[in-house]
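Dumped protein.tsv below, it's TSV, C-alpha atoms and all ligand atoms:
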chain	number	residue	atom	x	y	z
R	611	MET	CA	-44.41	0.99	76.05
R	612	ARG	CA	-42.10	-1.07	78.19
R	613	TRP	CA	-40.10	1.69	79.83
R	614	ARG	CA	-40.17	1.11	83.58
R	615	LYS	CA	-37.23	-1.24	83.75
R	616	LEU	CA	-35.08	0.89	81.50
R	617	GLY	CA	-32.27	3.08	82.74
R	618	ARG	CA	-32.74	6.80	83.34
R	619	SER	CA	-30.96	9.69	81.68
R	620	ARG	CA	-28.55	11.91	83.58
R	621	ASN	CA	-29.54	14.81	81.40
R	622	VAL	CA	-32.85	15.81	82.92
R	623	GLU	CA	-32.79	19.06	84.81
R	624	ASP	CA	-35.75	19.59	87.13
R	625	ARG	CA	-36.58	23.27	87.42
R	626	ARG	CA	-40.11	22.73	88.66
R	627	GLY	CA	-41.01	24.53	91.81
R	628	THR	CA	-38.23	27.02	91.35
R	629	GLY	CA	-40.34	29.90	90.20
R	630	GLY	CA	-43.65	30.77	88.67
R	631	SER	CA	-46.74	30.92	90.76
R	632	GLY	CA	-45.64	28.29	93.18
R	633	ARG	CA	-48.90	26.47	92.81
R	634	GLY	CA	-48.52	22.77	93.24
R	635	ARG	CA	-49.67	21.28	90.01
R	636	ARG	CA	-48.16	17.87	90.24
R	637	GLY	CA	-50.05	14.88	89.13
R	638	GLY	CA	-52.78	14.53	86.68
R	639	GLY	CA	-51.85	16.87	83.94
R	640	GLY	CA	-52.72	20.19	84.89
R	641	MET	CA	-55.27	22.61	84.34
R	642	LYS	CA	-54.06	26.06	84.31
R	643	VAL	CA	-56.67	26.92	81.88
R	644	GLY	CA	-59.35	25.05	80.27
R	645	GLY	CA	-61.64	25.19	77.40
R	646	ILE	CA	-61.26	25.37	73.71
R	647	GLY	CA	-59.37	28.64	73.72
R	648	THR	CA	-56.50	27.22	75.65
R	649	ILE	CA	-56.43	24.05	73.75
R	650	VAL	CA	-56.23	25.97	70.56
R	651	ILE	CA	-53.35	28.01	71.86
R	652	VAL	CA	-51.59	24.89	72.95
R	653	LEU	CA	-52.34	23.14	69.72
R	654	LEU	CA	-50.94	25.94	67.69
R	655	GLY	CA	-48.09	26.19	70.08
R	656	ILE	CA	-47.12	22.59	69.92
R	657	PHE	CA	-43.75	22.25	68.41
R	658	PHE	CA	-43.81	25.89	67.53
R	659	GLY	CA	-41.00	26.04	69.95
R	660	ALA	CA	-38.69	25.01	67.22
R	661	ASP	CA	-39.65	28.10	65.37
R	662	LEU	CA	-38.07	30.17	68.08
R	663	THR	CA	-34.95	29.26	66.23
R	664	GLY	CA	-35.54	32.19	63.96
R	665	LEU	CA	-34.87	34.48	66.88
R	666	LEU	CA	-31.44	33.17	67.48
R	667	GLY	CA	-27.99	33.40	66.24
R	668	GLY	CA	-27.66	29.72	66.98
R	669	ALA	CA	-24.60	27.79	67.48
R	670	GLY	CA	-22.03	27.40	70.07
R	671	ASN	CA	-19.86	24.38	70.11
R	672	PRO	CA	-21.99	21.30	70.43
R	673	GLY	CA	-19.03	19.25	71.46
R	674	ILE	CA	-18.74	21.29	74.60
R	675	SER	CA	-22.41	21.24	75.21
R	676	SER	CA	-22.69	24.85	75.89
R	677	SER	CA	-25.04	24.59	78.75
R	678	GLY	CA	-22.07	25.39	80.94
R	679	GLY	CA	-23.09	26.88	84.21
R	680	SER	CA	-26.52	25.37	84.34
R	681	VAL	CA	-27.15	22.96	87.11
R	682	ASN	CA	-27.76	19.38	86.21
R	683	SER	CA	-29.65	17.89	89.05
R	684	GLY	CA	-29.46	14.51	87.40
R	685	SER	CA	-32.40	12.27	86.77
R	686	ARG	CA	-31.59	10.09	89.66
R	687	ASN	CA	-32.79	12.93	91.82
R	688	LEU	CA	-36.21	12.96	90.26
R	689	PRO	CA	-38.90	11.84	92.69
R	690	ALA	CA	-39.27	8.08	92.38
R	691	ASN	CA	-43.05	8.38	92.60
R	692	ASP	CA	-43.22	11.01	89.87
R	693	ASP	CA	-44.24	8.70	87.10
R	694	THR	CA	-44.26	11.25	84.33
R	695	ALA	CA	-40.82	12.58	85.19
R	696	GLN	CA	-39.48	9.03	85.37
R	697	PHE	CA	-41.05	8.33	82.00
R	698	VAL	CA	-39.43	11.27	80.22
R	699	SER	CA	-36.11	10.41	81.82
R	700	ALA	CA	-36.33	6.83	80.60
R	701	ILE	CA	-37.33	7.94	77.10
R	702	LEU	CA	-34.55	10.52	76.96
R	703	LYS	CA	-32.09	7.77	77.86
R	704	THR	CA	-33.33	5.67	74.94
R	705	THR	CA	-32.74	8.60	72.58
R	706	GLU	CA	-29.16	8.79	73.84
R	707	ASP	CA	-28.72	5.06	73.32
R	708	VAL	CA	-30.07	5.33	69.78
R	709	TRP	CA	-28.36	8.48	68.50
R	710	THR	CA	-24.91	7.86	69.98
R	711	PRO	CA	-24.18	4.83	67.77
R	712	LEU	CA	-25.94	6.35	64.75
R	713	PHE	CA	-23.67	9.39	64.98
R	714	ALA	CA	-20.64	7.18	65.59
R	715	ALA	CA	-21.46	5.17	62.46
R	716	ALA	CA	-21.27	8.43	60.53
R	717	GLY	CA	-17.96	9.32	62.16
R	718	LYS	CA	-19.56	11.94	64.38
R	719	ASN	CA	-19.86	12.51	68.10
R	720	TYR	CA	-23.32	12.69	69.63
R	721	SER	CA	-23.52	15.14	72.47
R	722	PRO	CA	-26.96	14.59	74.05
R	723	PRO	CA	-29.30	17.45	74.89
R	724	LYS	CA	-30.40	18.39	78.36
R	725	LEU	CA	-34.10	18.14	78.99
R	726	VAL	CA	-35.41	20.83	81.31
R	727	LEU	CA	-38.64	20.24	83.24
R	728	PHE	CA	-40.44	23.45	84.08
R	729	GLU	CA	-43.77	24.82	85.22
R	730	ASN	CA	-45.68	27.85	83.97
R	731	GLY	CA	-42.85	29.35	81.97
R	732	VAL	CA	-39.13	29.14	81.47
R	733	ARG	CA	-36.23	31.29	80.47
R	734	SER	CA	-33.76	29.91	77.93
R	735	ALA	CA	-31.35	31.17	75.32
R	736	CYS	CA	-34.50	31.52	73.21
R	737	GLY	CA	-36.01	34.02	75.67
R	738	PHE	CA	-38.99	33.51	77.94
R	739	THR	CA	-41.47	30.84	76.91
R	740	SER	CA	-44.81	30.13	78.50
R	741	SER	CA	-46.02	26.58	79.09
R	742	ALA	CA	-48.87	27.30	76.69
R	743	ALA	CA	-46.37	27.25	73.83
R	744	GLY	CA	-45.85	23.53	74.34
R	745	PRO	CA	-42.55	21.68	74.53
R	746	PHE	CA	-39.72	23.13	72.52
R	747	TYR	CA	-36.05	22.81	71.67
R	748	CYS	CA	-33.75	25.82	71.85
R	749	PRO	CA	-30.79	25.54	69.47
R	750	GLY	CA	-29.01	28.37	71.24
R	751	ASP	CA	-28.45	26.34	74.42
R	752	TYR	CA	-28.81	22.80	73.07
R	753	GLN	CA	-31.64	22.06	75.49
R	754	ALA	CA	-35.19	20.78	75.19
R	755	TYR	CA	-37.89	22.12	77.50
R	756	ILE	CA	-41.16	20.61	78.63
R	757	ASP	CA	-43.91	21.32	81.13
R	758	LEU	CA	-45.12	17.82	81.95
R	759	ASP	CA	-48.70	19.08	82.07
R	760	PHE	CA	-48.43	19.02	78.30
R	761	PHE	CA	-49.09	15.29	78.33
R	762	GLY	CA	-52.49	16.06	79.83
R	763	GLU	CA	-53.14	18.48	77.00
R	764	LEU	CA	-52.21	15.82	74.47
R	765	GLN	CA	-54.71	13.52	76.06
R	766	ARG	CA	-57.41	16.16	75.97
R	767	MET	CA	-56.86	16.69	72.28
R	768	GLY	CA	-57.29	12.99	71.61
R	769	ALA	CA	-53.60	12.27	71.20
R	770	GLY	CA	-53.03	10.41	74.44
R	771	GLY	CA	-50.93	7.36	75.18
R	772	ASP	CA	-47.38	6.90	76.32
R	773	PHE	CA	-46.00	6.44	72.83
R	774	ALA	CA	-47.62	9.70	71.73
R	775	GLY	CA	-45.76	11.44	74.54
R	776	ALA	CA	-42.53	9.68	73.66
R	777	TYR	CA	-42.94	10.75	70.04
R	778	VAL	CA	-43.15	14.37	71.16
R	779	LEU	CA	-39.93	13.99	73.15
R	780	ALA	CA	-38.19	12.18	70.31
R	781	HIS	CA	-39.32	14.95	67.93
R	782	GLU	CA	-37.67	17.57	70.13
R	783	VAL	CA	-34.53	15.44	70.27
R	784	GLY	CA	-34.83	15.31	66.47
R	785	HIS	CA	-34.40	19.08	66.49
R	786	HIS	CA	-31.27	18.60	68.57
R	787	VAL	CA	-29.94	16.18	65.97
R	788	GLN	CA	-30.65	18.81	63.30
R	789	ASN	CA	-28.83	21.38	65.39
R	790	LEU	CA	-25.77	19.15	65.73
R	791	LEU	CA	-25.81	18.44	62.01
R	792	GLY	CA	-26.01	22.12	61.13
R	793	VAL	CA	-29.46	21.86	59.57
R	794	SER	CA	-31.05	24.30	61.99
R	795	MET	CA	-28.59	27.02	61.25
R	796	SER	CA	-28.66	26.74	57.49
R	797	VAL	CA	-32.46	26.74	57.54
R	798	GLN	CA	-32.51	29.87	59.69
R	799	GLN	CA	-30.10	31.62	57.38
R	800	ARG	CA	-32.15	30.71	54.35
R	801	GLN	CA	-35.38	31.76	56.06
R	802	ARG	CA	-34.05	35.24	56.55
R	803	GLN	CA	-33.54	35.60	52.81
R	804	VAL	CA	-36.89	34.43	51.52
R	805	SER	CA	-40.57	35.35	51.63
R	806	LYS	CA	-42.84	34.40	54.50
R	807	VAL	CA	-44.45	31.66	52.43
R	808	GLU	CA	-41.09	30.17	51.51
R	809	ALA	CA	-39.90	30.47	55.11
R	810	ASN	CA	-42.99	28.53	56.21
R	811	ALA	CA	-42.26	25.85	53.64
R	812	LEU	CA	-38.73	25.51	55.02
R	813	SER	CA	-40.17	25.25	58.51
R	814	VAL	CA	-42.43	22.42	57.36
R	815	ARG	CA	-39.46	20.53	55.93
R	816	THR	CA	-37.55	21.02	59.17
R	817	GLU	CA	-40.45	19.78	61.29
R	818	LEU	CA	-41.11	16.78	59.07
R	819	GLN	CA	-37.47	15.83	59.34
R	820	ALA	CA	-37.77	15.96	63.14
R	821	ASP	CA	-40.80	13.66	62.81
R	822	CYS	CA	-38.78	11.28	60.64
R	823	TYR	CA	-35.96	11.32	63.19
R	824	ALA	CA	-38.53	10.50	65.87
R	825	GLY	CA	-39.45	7.49	63.77
R	826	VAL	CA	-35.77	6.52	63.45
R	827	TRP	CA	-35.54	6.68	67.23
R	828	ALA	CA	-38.58	4.42	67.66
R	829	HIS	CA	-37.17	1.91	65.16
R	830	HIS	CA	-33.88	1.52	67.00
R	831	ALA	CA	-35.23	1.89	70.53
R	832	HIS	CA	-37.55	-1.00	69.82
R	833	LYS	CA	-34.75	-3.03	68.31
R	834	GLN	CA	-32.54	-2.37	71.32
R	835	LYS	CA	-35.08	-2.65	74.13
R	836	GLN	CA	-38.29	-4.12	72.70
R	837	LEU	CA	-39.84	-0.85	73.72
R	838	LEU	CA	-43.06	-0.96	71.74
R	839	GLU	CA	-46.20	-2.83	72.63
R	840	PRO	CA	-49.27	-3.49	70.54
R	841	GLY	CA	-51.14	-0.23	70.02
R	842	ASP	CA	-48.11	2.02	70.40
R	843	LEU	CA	-47.64	2.54	66.70
R	844	GLU	CA	-51.28	3.51	66.36
R	845	GLU	CA	-50.89	6.01	69.20
R	846	GLY	CA	-47.97	7.63	67.43
R	847	MET	CA	-49.73	7.79	64.08
R	848	ASN	CA	-52.84	9.16	65.73
R	849	ALA	CA	-50.83	11.86	67.50
R	850	ALA	CA	-49.08	12.79	64.25
R	851	ALA	CA	-52.49	13.21	62.64
R	852	LYS	CA	-53.89	15.25	65.51
R	853	ILE	CA	-51.01	17.73	65.42
R	854	GLY	CA	-50.96	18.22	61.67
R	855	ASP	CA	-51.41	21.87	60.73
R	856	ASP	CA	-54.61	21.19	58.83
R	857	ALA	CA	-56.11	19.33	61.79
R	858	LEU	CA	-55.05	22.08	64.19
R	859	MET	CA	-56.46	24.83	62.01
R	860	LYS	CA	-59.73	23.01	61.54
R	861	SER	CA	-60.10	22.38	65.25
R	862	ALA	CA	-59.46	26.09	65.78
R	863	GLY	CA	-62.34	26.83	63.44
R	864	ARG	CA	-60.10	28.11	60.68
R	865	VAL	CA	-59.72	27.20	57.07
R	866	ALA	CA	-56.61	25.12	56.47
R	867	ARG	CA	-54.29	27.15	54.24
R	868	PRO	CA	-51.24	25.12	53.20
R	869	GLU	CA	-49.11	28.21	52.60
R	870	SER	CA	-49.44	29.07	56.28
R	871	PHE	CA	-48.45	25.60	57.47
R	872	THR	CA	-45.29	25.51	59.55
R	873	HIS	CA	-45.22	21.86	60.65
R	874	GLY	CA	-46.88	19.91	57.87
R	875	SER	CA	-50.28	18.37	57.32
R	876	SER	CA	-51.53	15.35	59.22
R	877	GLU	CA	-50.80	13.17	56.22
R	878	GLN	CA	-47.24	14.49	55.87
R	879	ARG	CA	-46.46	14.13	59.56
R	880	GLN	CA	-47.71	10.56	59.58
R	881	ARG	CA	-45.84	9.72	56.41
R	882	TRP	CA	-42.47	10.98	57.66
R	883	LEU	CA	-42.84	9.49	61.12
R	884	LEU	CA	-43.59	6.18	59.44
R	885	LYS	CA	-40.68	6.50	57.04
R	886	GLY	CA	-38.26	6.87	59.94
R	887	LEU	CA	-39.95	4.06	61.80
R	888	GLU	CA	-39.82	1.64	58.92
R	889	THR	CA	-36.30	2.36	57.70
R	890	GLY	CA	-34.47	3.33	60.89
R	891	ASP	CA	-32.19	5.24	58.55
R	892	PRO	CA	-31.59	8.96	59.18
R	893	ASN	CA	-30.48	9.32	55.58
R	894	GLN	CA	-34.02	8.53	54.52
R	895	CYS	CA	-35.15	11.67	56.35
R	896	ASP	CA	-34.06	14.09	53.68
R	897	THR	CA	-37.20	16.18	53.67
R	898	PHE	CA	-35.36	18.97	51.91
R	899	ASN	CA	-34.97	17.01	48.68
R	900	PHE	CA	-38.13	15.06	48.18
H	1	ZN	ZN	-40.71	20.67	66.06
Could I get this file's structure written as structure tokens?
Ligand SMILES: [Zn+2]
Amino acid sequence: MRWRKLGRSRNVEDRRGTGGSGRGRRGGGGMKVGGIGTIVIVLLGIFFGADLTGLLGGAGNPGISSSGGSVNSGSRNLPANDDTAQFVSAILKTTEDVWTPLFAAAGKNYSPPKLVLFENGVRSACGFTSSAAGPFYCPGDYQAYIDLDFFGELQRMGAGGDFAGAYVLAHEVGHHVQNLLGVSMSVQQRQRQVSKVEANALSVRTELQADCYAGVWAHHAHKQKQLLEPGDLEEGMNAAAKIGDDALMKSAGRVARPESFTHGSSEQRQRWLLKGLETGDPNQCDTFNF
């Protein structure tokens, strides 16, 4: 990806080094734990963050970006030599540049999410979340959260590459878009009224829509900034396959049971990412009526 010369977002909040064990774990994608067990936890945790939504009442006023009170250190304060932090800041900026006009075209205002960098664990409106749960978006405070060591985990599970990482970020921003559009809340309400199996199916539709929105982002970001290079698309499709529920369950030594899926199969995740990528049209991301 051609990201280095791009602008940086002002919406990255760096909370690293402000708590936790205090171990320095910068650089090289970390290793708090190793081995299959951890990877499995992380794999299952990936994007499960969004499922924390069920714990919440949701909703403040997105227009006022309810993060009031929280400190925004501003991406310009990120260490210049911290490549990964600079990368996520640049990618976050491209999501702002993509979704602002798309919302405007629909007569809506896009209020961008904050992206919080943390280590070990973090407290949010969704409660306390360990790094092992993977990156997540919390609808209750309109913020996305990531431990940058996660990119190392992606690499270890065979889903490396900068575009794979950007896809993860764009997926979390996709959850923010859903939150602004009221999708998150109506899904949560519905999930409380139905069986576990049906609630899982709704979760899958929500996650696939976030994948499709990630594709929409890639479509427009490339159009605006010629962001993609040869091989990037393959990285994204490979990552989507690696984090499909069936792939994750198999790699955890379990039988893939579709009724227990919460994020969609590899094939579904690839298909919706691609649909967003090809069309660039958020209206094509109606995973609730296919
Ligand atoms: Zn998700």
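For Ala831 in chain R, the set of protein, DNA and RNA residues having any atom at most 8 Å away, when counting all atoms listed in the file and skipping those fewer than 3 positions along the same chain, is Thr704, Thr705, Asp707, Val708, Trp827, Ala828, Gln834, Lys835, Gln836 and Leu837 of chain R.
Between CA of Gln880 in chain R and CA of Gln753 in chain R lies a distance of 25.4 Å.
Distances here use only C-alpha atoms and all ligand atoms; by that measure, the residue among R:Asp821, R:Glu706, R:Asp692, R:Asp772 closest to ligand ZN 1 (chain H) is R:Asp821.
Interatomic distance, CA of Val865 in chain R to CA of Glu782 in chain R: 27.4 Å.
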Excluding Ser740 in chain R and any residue of its chain fewer than 5 positions from it, enumerate the residues within 10 Å of it, using all atoms listed in the file, and give them as a ChimeraX atom specification. /R:655,728-733,745,757
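Between ligand ZN 1 (chain H) and the residues R:Arg802, R:Arg614, R:Arg881, R:His873, the shortest atom-to-atom distance, using all atoms listed in the file, involves R:His873.
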R:Ala851, R:Ile756, R:Leu779, R:Ala769 ranked by distance to Ala742 in chain R, top pick (using all atoms listed in the file): R:Ile756
Give me, as a PyMOL selection string, all polymer residues having an atom no more than 9 Å from range 722-727 of chain R, counting all atoms listed in the file and skipping those fewer than 4 positions away in the same chain. chain R and resi 620-626+675+677+682+695+698-699+702+705-706+709-710+747+751-758+783+786-787
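If only C-alpha atoms are the atoms counted, then among R:His832, R:His781, R:Arg766, R:Lys718 the closest residue to Arg612 in chain R is R:His832.
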